[in-house]
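A.B. asks: My questions will all concern the structure given below.
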Amino acid sequence: MNCKNFFIALFSLLILSCNGQKNDAYENITAAAFSEKIKTTPTAQIIDVRTPEEYASQHIDNAKNINWNESDFESKASELDKKQPVFVYCMVGGRSKKASDKLVEMGFSKVYDLQGGIMKWNAAGFSKPSGKIIGMCSQEYGDLLKSKPKIMINFYANWCEPCVKMKPYITQMQTDLKDQITIVRLNADENKTLIADLKLDGLPVILIYENAELKWKHIGFISEEDLKKQLQ
């Protein structure tokens, strides 16, 4: 092997080695594991990195609100004990991953990131039951599904990046396909009761019903082209 090929091979090996390294300080874990580790960690440091409004509407017990989107996130997080585990969560996992990466960069020894966020936490049954109805109730939702032969429900949130990307073509479909299907967009933050009743654990959500019977379900981003295929 000549020198040039030797150095190319060595460089490639170093890249593969670096990419294969595991970051022991960070762990993305399920709701069940997250709950169990909190229980077994004395004075667990729990961080809710959502907005104060989201935090006020619901949060995990003993969680401290440190908004990832605020400029003072790092200064507030630095008040925590870096030698003790930190439990981080947001709504679906996007912000908590960024916050967790920052905490690891800041030198925290162990960061547990709630996989799927508080939506997964709720869907797994770890949230405390609430008798308060927020938004549309199940009976109203059932009446809505019975009102038209074919209905598409789109659950979204204004903070959800895939939801924002999908909004333009879904709202256009509401007009273009009105003779074919009724499309209803429901804000997940304003309809928490439905989210809990339907056990939805991610956003955006597309549900297609025919004669009030669920025919198709999709969670996460979907392109305009692929969505239209389901509506044909």
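Here's how to read the names in the structure tokens: chain A, B, ... by the order shown, residue numbers from 1 in each chain, ligand numbers from 1 in the order shown.
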Using only C-alpha atoms, which residues of region 117-179 of chain A come within 7 Å of region 28-49 of chain A, and what is the closest atom pair for each, with the distance in Å to one decimal? Give it as a tab-separated table, sorted by chain and residue number.
C.D. replies:
residue	atom	partner	partner_atom	distance
A:Lys120	CA	A:Ala31	CA	6.5
A:Trp121	CA	A:Ala31	CA	5.2
A:Ala124	CA	A:Ala31	CA	6.9
A.B. asks: Could you give me, as a list in words, the residues within 12 Å of Thr193 (chain A), counting only C-alpha atoms and dropping anything in the same chain fewer than 6 positions from it?
C.D. replies: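 With the cut-off at 12 Å, the set is Asn122, Ala123, Pro129, Ser130, Gly131, Lys132, Ile133, Ile134, Gly135, Met136, Cys137, Ser138, Gln139, Glu140, Tyr141, Leu186, Asn187, Lys199 and Leu200 of chain A.
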A.B. asks: Put those residues in a file: all heavy atoms, as a compact mmCIF listing (two decimals), in the first residue's frame.
C.D. replies:
# COMPACT_ATOMS: atom_id res chain seq x y z
N ASN A 122 -47.94 10.90 28.77
CA ASN A 122 -49.39 10.84 28.97
C ASN A 122 -50.00 9.58 28.38
O ASN A 122 -50.84 8.93 29.00
CB ASN A 122 -50.05 12.08 28.36
CG ASN A 122 -49.70 13.35 29.09
OD1 ASN A 122 -49.28 13.32 30.25
ND2 ASN A 122 -49.85 14.49 28.44
N ALA A 123 -49.59 9.26 27.14
CA ALA A 123 -50.14 8.09 26.45
C ALA A 123 -49.81 6.81 27.20
O ALA A 123 -50.57 5.84 27.15
CB ALA A 123 -49.61 8.02 25.02
N PRO A 129 -54.72 11.78 36.42
CA PRO A 129 -56.03 12.02 35.79
C PRO A 129 -56.57 13.39 36.18
O PRO A 129 -56.40 13.86 37.30
CB PRO A 129 -56.91 10.90 36.36
CG PRO A 129 -55.97 9.88 36.87
CD PRO A 129 -54.74 10.61 37.29
N SER A 130 -57.21 14.03 35.22
CA SER A 130 -57.81 15.33 35.47
C SER A 130 -59.26 15.31 35.03
O SER A 130 -59.57 14.84 33.95
CB SER A 130 -57.05 16.43 34.71
OG SER A 130 -57.72 17.66 34.83
N GLY A 131 -60.12 15.79 35.90
CA GLY A 131 -61.55 15.81 35.56
C GLY A 131 -61.91 17.01 34.69
O GLY A 131 -63.04 17.11 34.22
N LYS A 132 -60.95 17.89 34.45
CA LYS A 132 -61.21 19.09 33.67
C LYS A 132 -61.16 18.79 32.18
O LYS A 132 -60.23 18.17 31.69
CB LYS A 132 -60.18 20.17 34.02
CG LYS A 132 -60.41 21.50 33.32
CD LYS A 132 -59.35 22.50 33.71
CE LYS A 132 -59.54 23.84 33.00
NZ LYS A 132 -58.49 24.81 33.35
N ILE A 133 -62.20 19.22 31.46
CA ILE A 133 -62.24 19.03 30.01
C ILE A 133 -61.62 20.24 29.33
O ILE A 133 -62.04 21.38 29.55
CB ILE A 133 -63.68 18.83 29.51
CG1 ILE A 133 -64.26 17.53 30.08
CG2 ILE A 133 -63.72 18.79 27.98
CD1 ILE A 133 -65.69 17.28 29.70
N ILE A 134 -60.60 20.01 28.53
CA ILE A 134 -59.94 21.09 27.80
C ILE A 134 -60.21 20.90 26.31
O ILE A 134 -59.75 19.94 25.70
CB ILE A 134 -58.43 21.09 28.07
CG1 ILE A 134 -58.15 21.24 29.57
CG2 ILE A 134 -57.74 22.21 27.29
CD1 ILE A 134 -56.68 21.16 29.94
N GLY A 135 -60.98 21.82 25.74
CA GLY A 135 -61.32 21.73 24.33
C GLY A 135 -62.50 20.82 24.08
O GLY A 135 -63.38 20.65 24.92
N MET A 136 -62.51 20.20 22.92
CA MET A 136 -63.60 19.32 22.51
C MET A 136 -63.62 18.05 23.35
O MET A 136 -62.57 17.46 23.63
CB MET A 136 -63.43 18.98 21.02
CG MET A 136 -64.60 18.24 20.41
SD MET A 136 -64.29 17.84 18.65
CE MET A 136 -64.24 19.48 17.91
N CYS A 137 -64.80 17.63 23.76
CA CYS A 137 -64.91 16.38 24.51
C CYS A 137 -65.15 15.22 23.54
O CYS A 137 -65.41 15.43 22.36
CB CYS A 137 -66.04 16.46 25.54
SG CYS A 137 -67.70 16.52 24.82
N SER A 138 -65.10 14.01 24.05
CA SER A 138 -65.23 12.83 23.21
C SER A 138 -66.59 12.75 22.52
O SER A 138 -66.69 12.32 21.37
CB SER A 138 -64.99 11.56 24.04
OG SER A 138 -63.67 11.52 24.50
N GLN A 139 -67.62 13.17 23.23
CA GLN A 139 -68.97 13.13 22.63
C GLN A 139 -69.08 14.11 21.46
O GLN A 139 -69.62 13.76 20.40
CB GLN A 139 -70.03 13.47 23.68
CG GLN A 139 -71.46 13.39 23.14
CD GLN A 139 -72.50 13.65 24.20
OE1 GLN A 139 -72.24 13.54 25.40
NE2 GLN A 139 -73.71 14.02 23.78
N GLU A 140 -68.53 15.28 21.62
CA GLU A 140 -68.53 16.27 20.54
C GLU A 140 -67.71 15.77 19.35
O GLU A 140 -68.08 15.97 18.19
CB GLU A 140 -67.97 17.60 21.03
CG GLU A 140 -68.86 18.30 22.05
CD GLU A 140 -68.19 19.50 22.69
OE1 GLU A 140 -66.97 19.42 22.94
OE2 GLU A 140 -68.88 20.51 22.94
N TYR A 141 -66.61 15.12 19.66
CA TYR A 141 -65.76 14.57 18.60
C TYR A 141 -66.51 13.49 17.83
O TYR A 141 -66.47 13.43 16.59
CB TYR A 141 -64.48 14.00 19.22
CG TYR A 141 -63.45 13.54 18.22
CD1 TYR A 141 -62.76 14.44 17.43
CD2 TYR A 141 -63.12 12.18 18.10
CE1 TYR A 141 -61.78 14.03 16.52
CE2 TYR A 141 -62.15 11.76 17.20
CZ TYR A 141 -61.49 12.68 16.42
OH TYR A 141 -60.53 12.27 15.53
N LEU A 186 -57.28 20.56 14.27
CA LEU A 186 -57.51 20.78 15.69
C LEU A 186 -56.17 21.02 16.39
O LEU A 186 -55.25 20.21 16.26
CB LEU A 186 -58.21 19.57 16.32
CG LEU A 186 -59.63 19.26 15.84
CD1 LEU A 186 -60.13 17.96 16.45
CD2 LEU A 186 -60.57 20.41 16.19
N ASN A 187 -56.11 22.13 17.12
CA ASN A 187 -54.90 22.47 17.86
C ASN A 187 -54.78 21.55 19.07
O ASN A 187 -55.66 21.52 19.93
CB ASN A 187 -54.98 23.93 18.31
CG ASN A 187 -53.67 24.43 18.89
OD1 ASN A 187 -53.05 23.75 19.70
ND2 ASN A 187 -53.26 25.62 18.51
N LYS A 199 -55.30 8.78 23.06
CA LYS A 199 -53.95 8.26 23.36
C LYS A 199 -52.94 8.59 22.26
O LYS A 199 -52.13 7.75 21.86
CB LYS A 199 -54.01 6.75 23.61
CG LYS A 199 -54.76 6.38 24.88
CD LYS A 199 -54.75 4.89 25.13
CE LYS A 199 -55.25 4.53 26.52
NZ LYS A 199 -56.57 5.09 26.86
N LEU A 200 -53.00 9.81 21.79
CA LEU A 200 -52.06 10.26 20.77
C LEU A 200 -50.73 10.59 21.44
O LEU A 200 -50.70 11.29 22.46
CB LEU A 200 -52.62 11.48 20.03
CG LEU A 200 -53.95 11.26 19.31
CD1 LEU A 200 -54.40 12.53 18.62
CD2 LEU A 200 -53.84 10.12 18.29
A.B. asks: Set the distance at 6 Å and use only C-alpha atoms: which residues neighbour region 205-217 of chain A once local chain neighbours fewer than 6 positions away are removed? I'd like the list as a ChimeraX atom specification.
C.D. replies: /A:145-146,149-155
A.B. asks: Enter the distance from CA of Asp189 (chain A) to CA of Lys64 (chain A), in Å, rounded to one decimal.
C.D. replies: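 Separating CA of Asp189 (chain A) from CA of Lys64 (chain A) is a distance of 20.1 Å.
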A.B. asks: Taking only region 1-216 of chain A into account, list the residues labelled helix (DSSP H, G or I) by DSSP (computed from the backbone), as a PyMOL selection string.
C.D. replies: chain A and resi 3-19+31-39+52-57+73-77+94-106+117-123+138-147+161-176+188-190+192-197
A.B. asks: Mind checking which residues fall within 12 Å of region 97-108 of chain A, counting only C-alpha atoms, ignoring those fewer than 2 positions away in the same chain, and posting them as a ChimeraX atom specification?
C.D. replies: /A:23-29,45-50,66-70,73-95,110-117
A.B. asks: Go ahead and write the residues just picked, C-alpha atoms, as a JSON list (two decimals), in the first residue's frame.
C.D. replies:
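Output file result.json is given in full below:
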[["chain", "number", "residue", "atom", "x", "y", "z"],
["A", 23, "ASN", "CA", -21.83, 9.41, 24.59],
["A", 24, "ASP", "CA", -22.29, 7.89, 28.05],
["A", 25, "ALA", "CA", -23.52, 11.20, 29.48],
["A", 26, "TYR", "CA", -26.68, 11.23, 27.34],
["A", 27, "GLU", "CA", -29.50, 8.70, 27.27],
["A", 28, "ASN", "CA", -32.82, 8.88, 25.41],
["A", 29, "ILE", "CA", -35.20, 6.64, 27.36],
["A", 45, "GLN", "CA", -33.43, 17.20, 38.95],
["A", 46, "ILE", "CA", -36.27, 17.36, 36.42],
["A", 47, "ILE", "CA", -36.32, 20.05, 33.73],
["A", 48, "ASP", "CA", -39.33, 21.01, 31.64],
["A", 49, "VAL", "CA", -37.83, 22.92, 28.71],
["A", 50, "ARG", "CA", -41.15, 24.08, 27.23],
["A", 66, "ILE", "CA", -36.27, 26.27, 32.12],
["A", 67, "ASN", "CA", -37.43, 27.39, 28.69],
["A", 68, "TRP", "CA", -35.07, 26.15, 25.96],
["A", 69, "ASN", "CA", -36.14, 28.98, 23.65],
["A", 70, "GLU", "CA", -35.07, 31.69, 26.09],
["A", 73, "PHE", "CA", -31.40, 28.73, 29.44],
["A", 74, "GLU", "CA", -27.71, 28.09, 30.01],
["A", 75, "SER", "CA", -27.40, 30.44, 32.99],
["A", 76, "LYS", "CA", -30.44, 28.90, 34.72],
["A", 77, "ALA", "CA", -29.32, 25.36, 33.95],
["A", 78, "SER", "CA", -25.90, 26.11, 35.42],
["A", 79, "GLU", "CA", -27.57, 26.47, 38.84],
["A", 80, "LEU", "CA", -28.21, 22.70, 38.84],
["A", 81, "ASP", "CA", -25.78, 20.12, 40.23],
["A", 82, "LYS", "CA", -23.74, 18.86, 37.27],
["A", 83, "LYS", "CA", -22.63, 15.78, 39.20],
["A", 84, "GLN", "CA", -26.21, 14.54, 39.65],
["A", 85, "PRO", "CA", -28.50, 13.11, 36.93],
["A", 86, "VAL", "CA", -30.78, 15.53, 35.10],
["A", 87, "PHE", "CA", -34.13, 14.49, 33.61],
["A", 88, "VAL", "CA", -35.19, 16.55, 30.59],
["A", 89, "TYR", "CA", -38.45, 16.63, 28.65],
["A", 90, "CYS", "CA", -40.55, 18.78, 26.31],
["A", 91, "MET", "CA", -43.75, 18.06, 24.38],
["A", 92, "VAL", "CA", -42.59, 15.52, 21.79],
["A", 93, "GLY", "CA", -38.80, 15.40, 22.13],
["A", 94, "GLY", "CA", -37.39, 18.00, 19.73],
["A", 95, "ARG", "CA", -36.52, 20.73, 22.20],
["A", 110, "LYS", "CA", -25.75, 12.22, 33.17],
["A", 111, "VAL", "CA", -28.70, 13.51, 31.16],
["A", 112, "TYR", "CA", -31.87, 11.47, 30.66],
["A", 113, "ASP", "CA", -34.05, 12.67, 27.77],
["A", 114, "LEU", "CA", -37.73, 11.60, 27.76],
["A", 115, "GLN", "CA", -38.31, 9.80, 24.47],
["A", 116, "GLY", "CA", -41.37, 11.27, 22.73],
["A", 117, "GLY", "CA", -41.84, 13.95, 25.39]]
A.B. asks: Rank nothing, just name the residue among A:Lys148, A:Lys165, A:Lys128, A:His59 nearest to Ser223 (chain A), using only C-alpha atoms.
C.D. replies: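 With only C-alpha atoms as the atom set, the closest residue is A:Lys165.
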A.B. asks: For CA of Leu231 (chain A) and CA of Val164 (chain A), determine how far apart the two atoms are, in Å to one decimal place.
C.D. replies: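 Separating CA of Leu231 (chain A) from CA of Val164 (chain A) is a distance of 20.4 Å.
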A.B. asks: Measure the distance from CA of Leu203 (chain A) to CA of Lys178 (chain A) in Å and round it to one decimal.
C.D. replies: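 CA of Lys178 (chain A) lies 23.7 Å from CA of Leu203 (chain A).
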A.B. asks: Pick out the closest residue to Glu53 (chain A) from this set: A:Asp176, A:Asp72, A:Glu161, A:Glu190. Count only C-alpha atoms.
C.D. replies: A:Glu190
A.B. asks: Could you find all residues in region 63-139 of chain A that DSSP calls strand (DSSP E) from the backbone, and write them as a ChimeraX atom specification?
C.D. replies: /A:63-65,86-89,111-114
A.B. asks: Keeping N, CA, C and O atoms for every residue in the selection just given, could you write it to a file as a PDB file, in the first residue's frame?
C.D. replies:
ATOM      1  N   ALA A  63     -40.983  19.103  38.528  1.00  0.00           N
ATOM      2  CA  ALA A  63     -40.175  19.602  37.410  1.00  0.00           C
ATOM      3  C   ALA A  63     -39.977  21.113  37.528  1.00  0.00           C
ATOM      4  O   ALA A  63     -40.869  21.842  37.955  1.00  0.00           O
ATOM      5  N   LYS A  64     -38.787  21.573  37.133  1.00  0.00           N
ATOM      6  CA  LYS A  64     -38.467  22.995  37.096  1.00  0.00           C
ATOM      7  C   LYS A  64     -38.541  23.466  35.656  1.00  0.00           C
ATOM      8  O   LYS A  64     -38.030  22.800  34.754  1.00  0.00           O
ATOM      9  N   ASN A  65     -39.192  24.585  35.425  1.00  0.00           N
ATOM     10  CA  ASN A  65     -39.340  25.100  34.066  1.00  0.00           C
ATOM     11  C   ASN A  65     -38.139  25.966  33.679  1.00  0.00           C
ATOM     12  O   ASN A  65     -37.895  27.024  34.257  1.00  0.00           O
ATOM     13  N   VAL A  86     -29.764  14.542  35.465  1.00  0.00           N
ATOM     14  CA  VAL A  86     -30.780  15.529  35.100  1.00  0.00           C
ATOM     15  C   VAL A  86     -31.780  14.854  34.159  1.00  0.00           C
ATOM     16  O   VAL A  86     -31.393  14.159  33.220  1.00  0.00           O
ATOM     17  N   PHE A  87     -33.062  15.066  34.415  1.00  0.00           N
ATOM     18  CA  PHE A  87     -34.129  14.494  33.606  1.00  0.00           C
ATOM     19  C   PHE A  87     -34.776  15.611  32.795  1.00  0.00           C
ATOM     20  O   PHE A  87     -35.265  16.579  33.367  1.00  0.00           O
ATOM     21  N   VAL A  88     -34.761  15.470  31.477  1.00  0.00           N
ATOM     22  CA  VAL A  88     -35.193  16.554  30.590  1.00  0.00           C
ATOM     23  C   VAL A  88     -36.361  16.094  29.720  1.00  0.00           C
ATOM     24  O   VAL A  88     -36.353  14.969  29.207  1.00  0.00           O
ATOM     25  N   TYR A  89     -37.345  16.972  29.553  1.00  0.00           N
ATOM     26  CA  TYR A  89     -38.450  16.634  28.652  1.00  0.00           C
ATOM     27  C   TYR A  89     -39.070  17.895  28.059  1.00  0.00           C
ATOM     28  O   TYR A  89     -38.925  18.998  28.608  1.00  0.00           O
ATOM     29  N   VAL A 111     -27.477  12.836  31.607  1.00  0.00           N
ATOM     30  CA  VAL A 111     -28.699  13.509  31.165  1.00  0.00           C
ATOM     31  C   VAL A 111     -29.646  12.464  30.583  1.00  0.00           C
ATOM     32  O   VAL A 111     -29.296  11.754  29.637  1.00  0.00           O
ATOM     33  N   TYR A 112     -30.840  12.372  31.155  1.00  0.00           N
ATOM     34  CA  TYR A 112     -31.869  11.471  30.660  1.00  0.00           C
ATOM     35  C   TYR A 112     -32.915  12.286  29.905  1.00  0.00           C
ATOM     36  O   TYR A 112     -33.513  13.210  30.457  1.00  0.00           O
ATOM     37  N   ASP A 113     -33.118  11.959  28.641  1.00  0.00           N
ATOM     38  CA  ASP A 113     -34.054  12.675  27.768  1.00  0.00           C
ATOM     39  C   ASP A 113     -35.294  11.805  27.565  1.00  0.00           C
ATOM     40  O   ASP A 113     -35.195  10.650  27.142  1.00  0.00           O
ATOM     41  N   LEU A 114     -36.483  12.349  27.883  1.00  0.00           N
ATOM     42  CA  LEU A 114     -37.734  11.599  27.759  1.00  0.00           C
ATOM     43  C   LEU A 114     -38.092  11.390  26.294  1.00  0.00           C
ATOM     44  O   LEU A 114     -38.422  12.334  25.581  1.00  0.00           O
TER      45      LEU A 114
END
